[in-house]
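Enquirer: mmCIF, C-alpha atoms, saved as work_37.cif, coming up:
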data_structure
#
loop_
_atom_site.label_atom_id
_atom_site.label_comp_id
_atom_site.auth_asym_id
_atom_site.auth_seq_id
_atom_site.Cartn_x
_atom_site.Cartn_y
_atom_site.Cartn_z
CA MET A 244 89.96 86.23 82.93
CA ILE A 245 87.97 89.08 81.45
CA GLN A 246 88.59 89.54 77.75
CA ILE A 247 89.68 93.03 76.71
CA TYR A 248 89.32 93.86 73.03
CA GLY A 249 91.26 97.10 72.99
CA TRP A 250 91.35 100.51 74.56
CA ILE A 251 89.50 103.78 74.10
CA ASP A 252 91.58 106.94 74.11
CA PRO A 253 89.17 109.47 75.60
CA LYS A 254 91.28 112.52 74.63
CA ASN A 255 91.51 111.66 70.93
CA ARG A 256 88.19 109.79 70.97
CA SER A 257 89.71 106.86 69.12
CA TRP A 258 89.84 103.09 69.57
CA ILE A 259 93.23 101.43 69.95
CA LEU A 260 93.39 97.77 69.02
CA LYS A 261 94.99 95.19 71.25
CA SER A 262 97.77 94.50 68.76
CA GLU A 263 98.98 98.09 68.75
CA PRO A 264 101.48 99.55 71.23
CA LYS A 265 100.71 99.46 74.91
CA PRO A 266 98.15 101.96 76.17
CA VAL A 267 98.80 105.01 78.25
CA LEU A 268 97.38 105.70 81.68
CA GLY A 269 93.88 107.07 81.33
CA HIS A 270 92.81 104.80 78.46
CA ARG A 271 89.61 102.89 79.14
CA PRO A 272 89.41 99.16 78.31
CA ILE A 273 86.83 97.88 75.85
CA PHE A 274 84.86 94.95 77.24
CA ARG A 275 82.72 92.55 75.18
CA GLU A 276 79.55 94.37 76.20
CA LEU A 277 80.79 97.52 74.42
CA LEU A 278 81.24 95.77 71.09
CA PRO A 279 78.45 96.11 68.54
CA ALA A 280 76.12 93.28 69.53
CA ALA A 281 74.59 92.28 66.23
CA SER A 282 77.60 90.45 64.80
CA ASN A 283 77.75 88.11 67.80
CA THR A 284 75.16 85.71 66.44
CA LEU A 285 75.64 86.28 62.70
CA ARG A 286 78.77 84.14 62.34
CA PRO A 287 77.46 81.02 64.16
CA TYR A 288 74.08 81.47 62.44
CA LEU A 289 75.66 81.40 58.97
CA ALA A 290 77.97 78.56 60.00
CA ALA A 291 75.00 76.52 61.18
CA VAL A 292 73.10 77.19 57.94
CA ARG A 293 76.18 76.23 55.93
CA SER A 294 76.72 72.90 57.68
CA THR A 295 73.02 72.03 57.57
CA LEU A 296 72.80 72.86 53.88
CA THR A 297 75.88 70.77 53.14
CA ALA A 298 74.25 67.86 54.94
CA ALA A 299 70.85 68.31 53.30
CA LEU A 300 72.15 68.70 49.73
CA CYS A 301 72.71 64.95 49.38
CA VAL A 302 70.17 64.47 46.61
CA GLU A 303 70.00 61.94 43.82
CA ASN A 304 67.75 61.18 40.92
CA PHE A 305 64.48 59.51 41.95
CA SER A 306 61.57 58.88 39.59
CA SER A 307 58.04 59.46 40.77
CA GLN A 308 56.44 56.51 42.53
CA VAL A 309 52.96 57.78 41.74
CA ALA A 310 53.05 58.40 37.99
CA GLU A 311 55.20 56.31 35.72
CA ARG A 312 57.89 57.95 33.56
CA HIS A 313 57.53 61.14 35.63
CA ASN A 314 60.22 62.81 37.70
CA ASN A 315 59.04 65.35 40.30
CA PRO A 316 60.88 67.16 43.10
CA GLU A 317 59.51 65.10 45.96
CA VAL A 318 59.60 67.93 48.50
CA GLU A 319 57.02 69.77 46.38
CA ALA A 320 55.04 66.76 45.33
CA ARG A 321 54.48 64.81 48.54
CA LEU A 322 53.36 65.43 52.09
CA SER A 323 55.81 64.96 54.91
CA SER A 324 54.22 61.62 55.73
CA SER A 325 55.84 59.95 52.73
CA GLU A 326 58.99 57.89 53.01
CA VAL A 327 60.83 59.98 50.44
CA VAL A 328 60.47 63.27 52.36
CA VAL A 329 62.67 63.55 55.44
CA ASN A 330 62.60 65.72 58.58
CA PRO A 331 62.55 69.49 58.05
CA LEU A 332 65.06 71.53 60.05
CA THR A 333 64.85 75.11 61.28
CA ILE A 334 67.87 77.26 62.10
CA SER A 335 66.87 80.45 63.87
CA ARG A 336 68.90 83.42 64.96
CA ASN A 337 65.99 85.00 66.84
CA LYS A 338 62.23 85.24 66.51
CA HIS A 339 62.42 87.31 63.32
CA GLU A 340 65.23 85.64 61.37
CA LYS A 341 65.19 81.97 60.53
CA VAL A 342 65.85 79.48 57.78
CA LEU A 343 63.69 76.41 57.11
CA ILE A 344 65.31 73.55 55.22
CA GLU A 345 63.01 70.77 53.98
CA PRO A 346 65.04 67.98 52.38
CA SER A 347 63.82 64.98 50.43
CA VAL A 348 65.39 62.28 48.33
CA ASN A 349 65.79 64.32 45.17
CA SER A 350 65.32 67.94 46.17
CA ILE A 351 65.53 70.43 49.00
CA ARG A 352 63.55 73.56 49.71
CA VAL A 353 65.27 76.40 51.58
CA SER A 354 63.01 79.17 52.93
CA ILE A 355 64.47 82.31 54.46
CA LYS A 356 62.77 84.81 56.74
CA ILE A 357 64.59 88.14 56.40
CA LYS A 358 64.87 90.58 59.30
CA GLN A 359 62.31 93.36 58.94
CA ALA A 360 62.42 95.78 61.84
CA ASP A 361 59.81 98.35 60.77
CA GLU A 362 57.16 99.10 58.20
CA ILE A 363 59.56 100.60 55.64
CA GLU A 364 61.83 97.56 55.77
CA ARG A 365 58.82 95.30 55.39
CA ILE A 366 57.71 97.10 52.23
CA LEU A 367 61.24 97.21 50.82
CA CYS A 368 61.79 93.52 51.53
CA HIS A 369 58.50 92.59 49.91
CA LYS A 370 59.27 94.59 46.77
CA PHE A 371 62.82 93.32 46.56
CA THR A 372 61.89 89.65 46.89
CA ARG A 373 58.98 90.10 44.49
CA PHE A 374 61.39 91.58 41.92
CA MET A 375 63.56 88.50 42.17
CA MET A 376 60.74 85.97 42.23
CA ILE A 377 59.22 87.34 39.03
CA ARG A 378 62.57 86.58 37.36
CA ALA A 379 62.83 83.16 39.00
CA GLU A 380 63.54 81.38 35.70
CA ASN A 381 66.82 83.21 35.26
CA PHE A 382 67.71 82.52 38.84
CA ILE A 383 67.35 78.76 38.21
CA ILE A 384 67.08 77.70 41.84
CA LEU A 385 64.55 80.30 43.03
CA ARG A 386 60.95 79.37 43.75
CA ARG A 387 58.22 81.64 42.36
CA LYS A 388 56.28 81.77 45.61
CA PRO A 389 57.72 81.78 49.12
CA ILE A 390 56.47 79.29 51.68
CA ILE A 391 53.87 80.79 54.05
CA GLY A 392 55.62 82.46 56.96
CA TYR A 393 58.84 83.12 55.03
CA ASP A 394 60.02 85.79 52.59
CA ILE A 395 61.83 83.86 49.90
CA SER A 396 62.26 80.20 48.97
CA PHE A 397 64.75 78.23 46.93
CA LEU A 398 64.14 74.85 45.35
CA ILE A 399 67.30 72.87 44.55
CA THR A 400 66.88 69.55 42.75
CA ASN A 401 69.27 66.76 41.84
CA PHE A 402 69.49 68.13 38.31
CA HIS A 403 70.87 71.40 39.69
CA THR A 404 73.44 69.60 41.83
CA GLU A 405 74.48 67.56 38.82
CA GLN A 406 75.13 70.69 36.78
CA MET A 407 76.50 72.98 39.48
CA TYR A 408 78.99 72.49 42.31
CA LYS A 409 77.27 71.72 45.64
CA HIS A 410 79.68 73.79 47.70
CA LYS A 411 79.16 76.72 45.34
CA LEU A 412 75.39 76.42 45.73
CA VAL A 413 75.80 76.55 49.50
CA ASP A 414 78.18 79.52 49.17
CA PHE A 415 75.60 81.29 47.03
CA ILE A 416 72.81 80.90 49.56
CA ILE A 417 75.00 82.07 52.45
CA GLN A 418 76.18 85.07 50.43
CA PHE A 419 72.56 85.82 49.50
CA MET A 420 71.56 85.87 53.15
CA GLU A 421 74.36 88.29 54.00
CA GLU A 422 73.80 90.58 51.05
CA VAL A 423 70.04 90.87 51.26
CA ASP A 424 70.26 92.47 54.72
CA LYS A 425 72.85 94.95 53.45
CA GLU A 426 70.80 95.77 50.36
CA ILE A 427 67.67 96.48 52.34
CA SER A 428 69.53 98.77 54.78
CA GLU A 429 71.12 100.60 51.84
CA MET A 430 67.74 101.04 50.14
CA LYS A 431 66.24 102.33 53.36
CA LEU A 432 69.09 104.83 53.80
CA SER A 433 68.80 106.16 50.26
CA LEU A 434 65.02 106.31 50.63
CA ASN A 435 65.31 108.42 53.78
CA THR A 436 67.93 110.70 52.19
CA ARG A 437 65.78 111.22 49.12
CA ALA A 438 62.73 111.94 51.24
CA ARG A 439 64.67 114.47 53.30
CA THR A 440 66.02 116.34 50.26
CA VAL A 441 62.60 116.39 48.61
CA ALA A 442 60.95 117.69 51.78
CA GLU A 443 63.64 120.34 52.26
CA SER A 444 63.47 121.62 48.67
CA TYR A 445 59.68 121.66 48.80
CA LEU A 446 59.54 123.58 52.08
CA LEU A 447 62.21 126.06 50.93
CA GLN A 448 60.17 127.17 47.94
CA MET B 81 31.85 53.42 34.88
CA SER B 82 31.98 52.66 38.61
CA PHE B 83 35.68 51.86 38.41
CA ARG B 84 36.36 55.60 38.23
CA SER B 85 35.03 56.10 41.77
CA PHE B 86 37.22 53.36 43.29
CA ASP B 87 40.05 54.54 45.53
CA ILE B 88 42.67 52.23 44.09
CA ASP B 89 45.48 53.62 46.30
CA SER B 90 43.87 52.37 49.51
CA LEU B 91 43.83 48.82 48.12
CA ASP B 92 47.54 48.93 47.20
CA GLU B 93 49.45 46.53 49.50
CA ASP B 94 52.79 48.28 49.17
CA ILE B 95 51.65 51.62 50.55
CA LEU B 96 53.47 52.86 53.67
CA ALA B 97 51.43 54.76 56.26
CA GLN B 98 52.80 57.44 58.60
CA ASP B 99 52.75 55.29 61.76
CA GLU B 100 54.36 52.38 59.94
CA LEU B 101 57.32 54.61 59.05
CA PHE B 102 58.15 54.90 62.75
CA VAL B 103 57.93 51.16 63.40
CA PHE B 104 60.05 50.20 60.41
CA SER B 105 62.91 52.39 61.62
CA ASN B 106 63.26 50.25 64.80
CA GLY B 107 60.90 52.37 66.84
CA VAL B 108 59.28 50.88 69.90
CA GLU B 109 55.78 52.05 70.79
CA ILE B 110 55.35 53.46 74.29
CA THR B 111 51.98 54.68 75.49
CA PRO B 112 51.78 58.46 75.95
CA GLU B 113 51.11 58.12 79.71
CA ASN B 114 54.18 55.95 80.27
CA ALA B 115 56.27 58.36 78.26
CA SER B 116 55.03 61.37 80.29
CA ASN B 117 55.77 59.60 83.56
CA ASN B 118 59.26 58.64 82.41
CA VAL B 119 59.94 62.24 81.42
CA LYS B 120 58.68 63.54 84.81
CA THR B 121 61.02 61.27 86.77
CA LYS B 122 63.83 62.19 84.42
CA GLY B 123 63.10 65.90 85.04
CA ILE B 124 63.40 65.48 88.80
CA GLU B 125 66.68 63.62 88.49
CA VAL B 126 68.14 66.22 86.09
CA ARG B 127 67.15 69.03 88.46
CA ASN B 128 68.94 67.28 91.34
CA GLN B 129 72.06 66.84 89.27
CA LEU B 130 72.03 70.47 88.18
CA THR B 131 71.71 71.77 91.76
CA ARG B 132 74.65 69.54 92.69
CA GLY B 133 76.62 71.12 89.85
CA ASP B 134 77.06 67.82 87.99
CA THR B 135 76.41 69.27 84.52
CA ALA B 136 77.93 66.42 82.49
CA ASN B 137 75.67 63.77 84.01
CA ALA B 138 72.69 66.13 83.92
CA LEU B 139 73.15 66.49 80.15
CA ILE B 140 73.51 62.73 79.64
CA THR B 141 70.42 61.95 81.76
CA ALA B 142 68.39 64.57 79.94
CA ILE B 143 69.16 63.24 76.45
CA GLU B 144 69.16 59.49 77.20
CA SER B 145 66.13 57.47 75.98
CA PRO B 146 63.97 60.25 74.57
CA PRO B 147 60.21 59.64 74.35
CA TYR B 148 60.08 58.54 70.71
CA GLY B 149 56.65 57.83 69.31
CA VAL B 150 53.91 59.16 67.07
CA HIS B 151 51.50 60.16 69.87
CA THR B 152 53.86 61.15 72.71
CA ILE B 153 53.73 64.87 71.89
CA ASP B 154 53.36 66.16 75.50
CA ALA B 155 56.22 64.01 76.71
CA LYS B 156 58.38 65.30 73.86
CA ASP B 157 57.60 68.94 74.72
CA GLN B 158 58.40 68.29 78.38
CA ASN B 159 61.66 66.56 77.55
CA THR B 160 62.67 69.39 75.20
CA LYS B 161 62.12 71.89 78.03
CA ILE B 162 64.33 69.85 80.37
CA VAL B 163 67.12 69.60 77.80
CA MET B 164 66.94 73.34 77.09
CA ASP B 165 67.27 74.10 80.82
CA VAL B 166 70.41 71.98 80.97
CA LEU B 167 71.89 73.55 77.82
CA ASN B 168 71.25 77.06 79.12
CA SER B 169 72.88 76.35 82.46
CA ILE B 170 76.15 75.01 81.02
CA LYS B 171 78.88 77.64 80.55
CA ALA B 172 80.11 78.33 77.02
CA THR B 173 83.68 77.35 77.87
CA ASP B 174 82.63 73.90 79.09
CA ILE B 175 80.81 72.94 75.90
CA PRO B 176 83.68 71.46 73.83
CA SER B 177 84.88 69.17 76.61
CA LEU B 178 81.34 67.98 77.41
CA VAL B 179 80.55 67.28 73.78
CA LYS B 180 83.68 65.13 73.42
CA LEU B 181 82.48 62.96 76.34
CA LEU B 182 79.29 61.95 74.54
CA SER B 183 78.99 58.78 72.49
CA ARG B 184 77.90 58.97 68.86
CA GLU B 185 74.24 58.13 69.60
CA GLN B 186 74.16 60.74 72.35
CA GLN B 187 75.64 63.34 70.01
CA ASP B 188 72.92 62.55 67.44
CA ILE B 189 70.18 62.92 70.06
CA LEU B 190 71.72 66.19 71.28
CA MET B 191 71.73 67.51 67.71
CA LYS B 192 68.05 66.56 67.35
CA TYR B 193 67.26 68.57 70.48
CA ILE B 194 69.24 71.56 69.22
CA TYR B 195 67.16 71.66 66.03
CA ARG B 196 63.97 71.09 68.00
CA GLY B 197 64.85 74.05 70.22
CA MET B 198 65.65 76.27 67.25
CA SER B 199 62.28 75.56 65.66
CA SER B 200 60.63 77.53 68.50
CA PRO B 201 62.81 80.64 68.80
CA ASP B 202 60.18 82.47 70.87
CA LEU B 203 60.38 79.80 73.60
CA TYR B 204 64.08 79.02 73.70
CA ASN B 205 67.26 81.10 73.41
CA SER B 206 68.62 80.72 69.88
CA THR B 207 72.04 82.25 70.60
CA VAL B 208 72.90 79.52 73.08
CA LEU B 209 71.64 76.85 70.69
CA LEU B 210 73.66 78.26 67.80
CA ASN B 211 76.77 78.11 69.95
CA TRP B 212 76.05 74.48 70.87
CA HIS B 213 75.39 73.66 67.23
CA GLU B 214 78.73 75.09 66.16
CA LYS B 215 80.72 73.21 68.82
CA LEU B 216 78.83 69.96 68.21
CA THR B 217 79.38 70.12 64.43
CA GLU B 218 83.11 70.64 65.01
CA VAL B 219 83.26 67.40 66.99
CA ALA B 220 80.60 65.22 65.38
CA GLY B 221 80.83 66.47 61.81
CA VAL B 222 78.24 66.91 59.08
CA GLY B 223 77.33 63.21 59.30
CA CYS B 224 75.60 63.90 62.60
CA ILE B 225 73.29 66.36 60.84
CA VAL B 226 72.57 63.84 58.05
CA ARG B 227 71.57 61.26 60.66
CA VAL B 228 69.23 63.80 62.29
CA ILE B 229 67.65 64.60 58.92
CA THR B 230 66.96 61.00 58.01
CA ASP B 231 66.01 59.45 61.37
CA ARG B 232 62.25 58.82 61.58
CA LYS B 233 62.41 58.71 65.36
CA THR B 234 61.88 62.42 65.92
CA VAL B 235 62.30 64.18 69.23
#
Once more with this new file: its structure as structure tokens, please.
Expert:
Amino acid sequence: MIQIYGWIDPKNRSWILKSEPKPVLGHRPIFRELLPAASNTLRPYLAAVRSTLTAALCVENFSSQVAERHNNPEVEARLSSSEVVVNPLTISRNKHEKVLIEPSVNSIRVSIKIKQADEIERILCHKFTRFMMIRAENFIILRRKPIIGYDISFLITNFHTEQMYKHKLVDFIIQFMEEVDKEISEMKLSLNTRARTVAESYLLQ
Amino acid sequence: MSFRSFDIDSLDEDILAQDELFVFSNGVEITPENASNNVKTKGIEVRNQLTRGDTANALITAIESPPYGVHTIDAKDQNTKIVMDVLNSIKATDIPSLVKLLSREQQDILMKYIYRGMSSPDLYNSTVLLNWHEKLTEVAGVGCIVRVITDRKTV
């Protein structure tokens, strides 16, 4: 059974949803292929990141085995060959957007690769993440340097999970992933608008 | 002053090496050649089942007894490719019913393969894998993911 999402009224050039009154002869059906494609993978991608983060955020206090009376986040301190660092997981939406989660006994490191389609978005993303990483202390869970191959990294330790709600931490990271894409598109739009007005006023002189 | 040049950590008896981690988690060592041969025969059988249209058994054959080991990298890559072929050929509507048929160990192994596939998004289709991940988490729960994170026997 082919799924129809609504109808297009060609005379009024409007979309009519399925829940509204029955269509008139001449209305064209909207198939899945006509829907905007990008949102297809966003929801399962964020759901996968959410469930993986919930699973990985099982951290507890663990003193350093190397130096006495020290307490280090083991994901930063040890190589993956140690028994306190567990398997890293990648969740990818496509080649250009992925999340790397490296858990360990007392900390996890979440690295995000943000979608950057062209040169402008690359520059904007770099500046935006740099702005945040300089103020990493106020962010609490942000790491000052991203892992190589990714744009931004978070480091969440057992002390953070003791002070803050785990589900809220997960919510924050998911919301961050959604918002950062929106912010960068907004910045790009305003950049292009500004450039256009400047060029116009300069050429009109 | 020569004590400063001693490598005291290598003399420590309690130290755990990388290969020992695998053995201590009930891993059995197979030689890389044996593992590759096993995977080849498995690939042929899975292909036969797929051409017959027997997707449920194809999935179970593909994920049963994966080539665990520290040195069996080629066999692991081969096996991942076989599992990805099976996952891509199963229709999206069949996924929930198939996932419910699997036992808990099989669900864990399937989840390991999903993450393994997602770590190379240029080789394998991430959309399909994300769909599988969602349906599998609905059935197996977050505990499945925790077992994948902590199991030293990696796929």
Enquirer: Within 6 Å of chain A, which residues of chain B show up when using only C-alpha atoms, listed as a compact mmCIF listing (two decimals) with C-alpha atoms, in the coordinates of the input?
Expert:
# COMPACT_ATOMS: atom_id res chain seq x y z
CA GLN B 98 52.80 57.44 58.60
CA MET B 198 65.65 76.27 67.25
CA SER B 199 62.28 75.56 65.66
CA PRO B 201 62.81 80.64 68.80
CA ASP B 202 60.18 82.47 70.87
CA SER B 206 68.62 80.72 69.88
CA LEU B 210 73.66 78.26 67.80
CA VAL B 222 78.24 66.91 59.08
CA VAL B 226 72.57 63.84 58.05
CA ILE B 229 67.65 64.60 58.92
CA THR B 230 66.96 61.00 58.01
Enquirer: Tell me, in Å to one decimal, how far atom CA of Lys215 of chain B is from atom CA of Glu421 of chain A.
Expert: 22.1 Å
Enquirer: So which residues touch segment 128-143 of chain B within 9 Å, counting all atoms listed in the file, skipping near sequence neighbours fewer than 4 positions away, as a list of chain:residue names?
Expert: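 The residues satisfying every condition are B:Val119, B:Lys122, B:Gly123, B:Ile124, B:Asn159, B:Thr160, B:Ile162, B:Val163, B:Val166, B:Leu167, B:Ser169, B:Ile170, B:Leu178, B:Leu181, B:Leu182, B:Gln186, B:Ile189, B:Leu190, B:Tyr193.
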Enquirer: Smallest atom-to-atom distance to Val413 of chain A: which of A:Leu367, A:Pro389, A:Ile384, A:Arg373, using all atoms listed in the file?
Expert: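 Closest to Val413 of chain A of all the choices is A:Ile384.
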Enquirer: For atom CA of Val318 of chain A and atom CA of Asn349 of chain A, determine how far apart the two atoms are, in Å to one decimal place.
Expert: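 Atom-to-atom, atom CA of Val318 of chain A to atom CA of Asn349 of chain A, that is 7.9 Å.
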Enquirer: So which one's closest to Val126 of chain B, B:Arg84, B:Lys180, B:Lys161, B:Lys171? Using all atoms listed in the file, please.
Expert: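 Going through B:Arg84, B:Lys180, B:Lys161, B:Lys171 one by one, the smallest distance to Val126 of chain B is for B:Lys161.
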Enquirer: Give, as AutoDock Vina command-line options, the centre coordinates and the x, y and z edge lengths in Å to one decimal for an axis-aligned box around all listed atoms of segment 371-390 of chain A, padded by 8 Å on each side.
Expert:
--center_x 62.0 --center_y 85.5 --center_z 43.5 --size_x 27.4 --size_y 31.6 --size_z 32.4
Enquirer: If you measure from atom CA of Ser350 of chain A to atom CA of Asn381 of chain A, what distance in Å do you get, rounded to one decimal?
Expert: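 That distance, rounded to one decimal, is 18.8 Å.
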Enquirer: Given the file shown, enumerate the residues that the PyMOL selection byres ((chain B and resi 212) around 9) captures and present them as an MDAnalysis selection string.
Expert: chainID B and resid 167 172 175:176 179 191 194 207:211 213:217
Enquirer: Suppose we keep C-alpha atoms; can you now write the selection as a PDB file, in the frame of the given file?
Expert:
ATOM      1  CA  LEU B 167      71.890  73.550  77.820  1.00  0.00           C
ATOM      2  CA  ALA B 172      80.110  78.330  77.020  1.00  0.00           C
ATOM      3  CA  ILE B 175      80.810  72.940  75.900  1.00  0.00           C
ATOM      4  CA  PRO B 176      83.680  71.460  73.830  1.00  0.00           C
ATOM      5  CA  VAL B 179      80.550  67.280  73.780  1.00  0.00           C
ATOM      6  CA  MET B 191      71.730  67.510  67.710  1.00  0.00           C
ATOM      7  CA  ILE B 194      69.240  71.560  69.220  1.00  0.00           C
ATOM      8  CA  THR B 207      72.040  82.250  70.600  1.00  0.00           C
ATOM      9  CA  VAL B 208      72.900  79.520  73.080  1.00  0.00           C
ATOM     10  CA  LEU B 209      71.640  76.850  70.690  1.00  0.00           C
ATOM     11  CA  LEU B 210      73.660  78.260  67.800  1.00  0.00           C
ATOM     12  CA  ASN B 211      76.770  78.110  69.950  1.00  0.00           C
ATOM     13  CA  HIS B 213      75.390  73.660  67.230  1.00  0.00           C
ATOM     14  CA  GLU B 214      78.730  75.090  66.160  1.00  0.00           C
ATOM     15  CA  LYS B 215      80.720  73.210  68.820  1.00  0.00           C
ATOM     16  CA  LEU B 216      78.830  69.960  68.210  1.00  0.00           C
ATOM     17  CA  THR B 217      79.380  70.120  64.430  1.00  0.00           C
TER      18      THR B 217
END
Enquirer: Pick from A:Asn401, A:Ile391, A:Val353, A:Trp250: nearest to Glu317 of chain A, with all atoms listed in the file counted?
Expert: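 Residue with the minimum atom-to-atom distance to Glu317 of chain A: A:Asn401.
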Enquirer: I'd like to know which of B:Ser90, B:Arg227, B:Pro147, B:Asp165 is closest to Val108 of chain B, using only C-alpha atoms.
Expert: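 When distances to Val108 of chain B are compared using only C-alpha atoms, the smallest one comes from B:Pro147.
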Enquirer: Just checking: using only C-alpha atoms, which residue out of A:Arg321, A:Lys431, A:Lys388, A:Lys411 ends up closest to Asp361 of chain A?
Expert: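 Of A:Arg321, A:Lys431, A:Lys388, A:Lys411, the one nearest Asp361 of chain A, counting only C-alpha atoms, is A:Lys431.
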Enquirer: To verify the selection step, state as a VMD selection string which residues the PyMOL selection byres ((chain B and resi 116) around 10) yields on this input.
Expert: chain B and resid 110 to 115 117 to 122 147 152 to 159
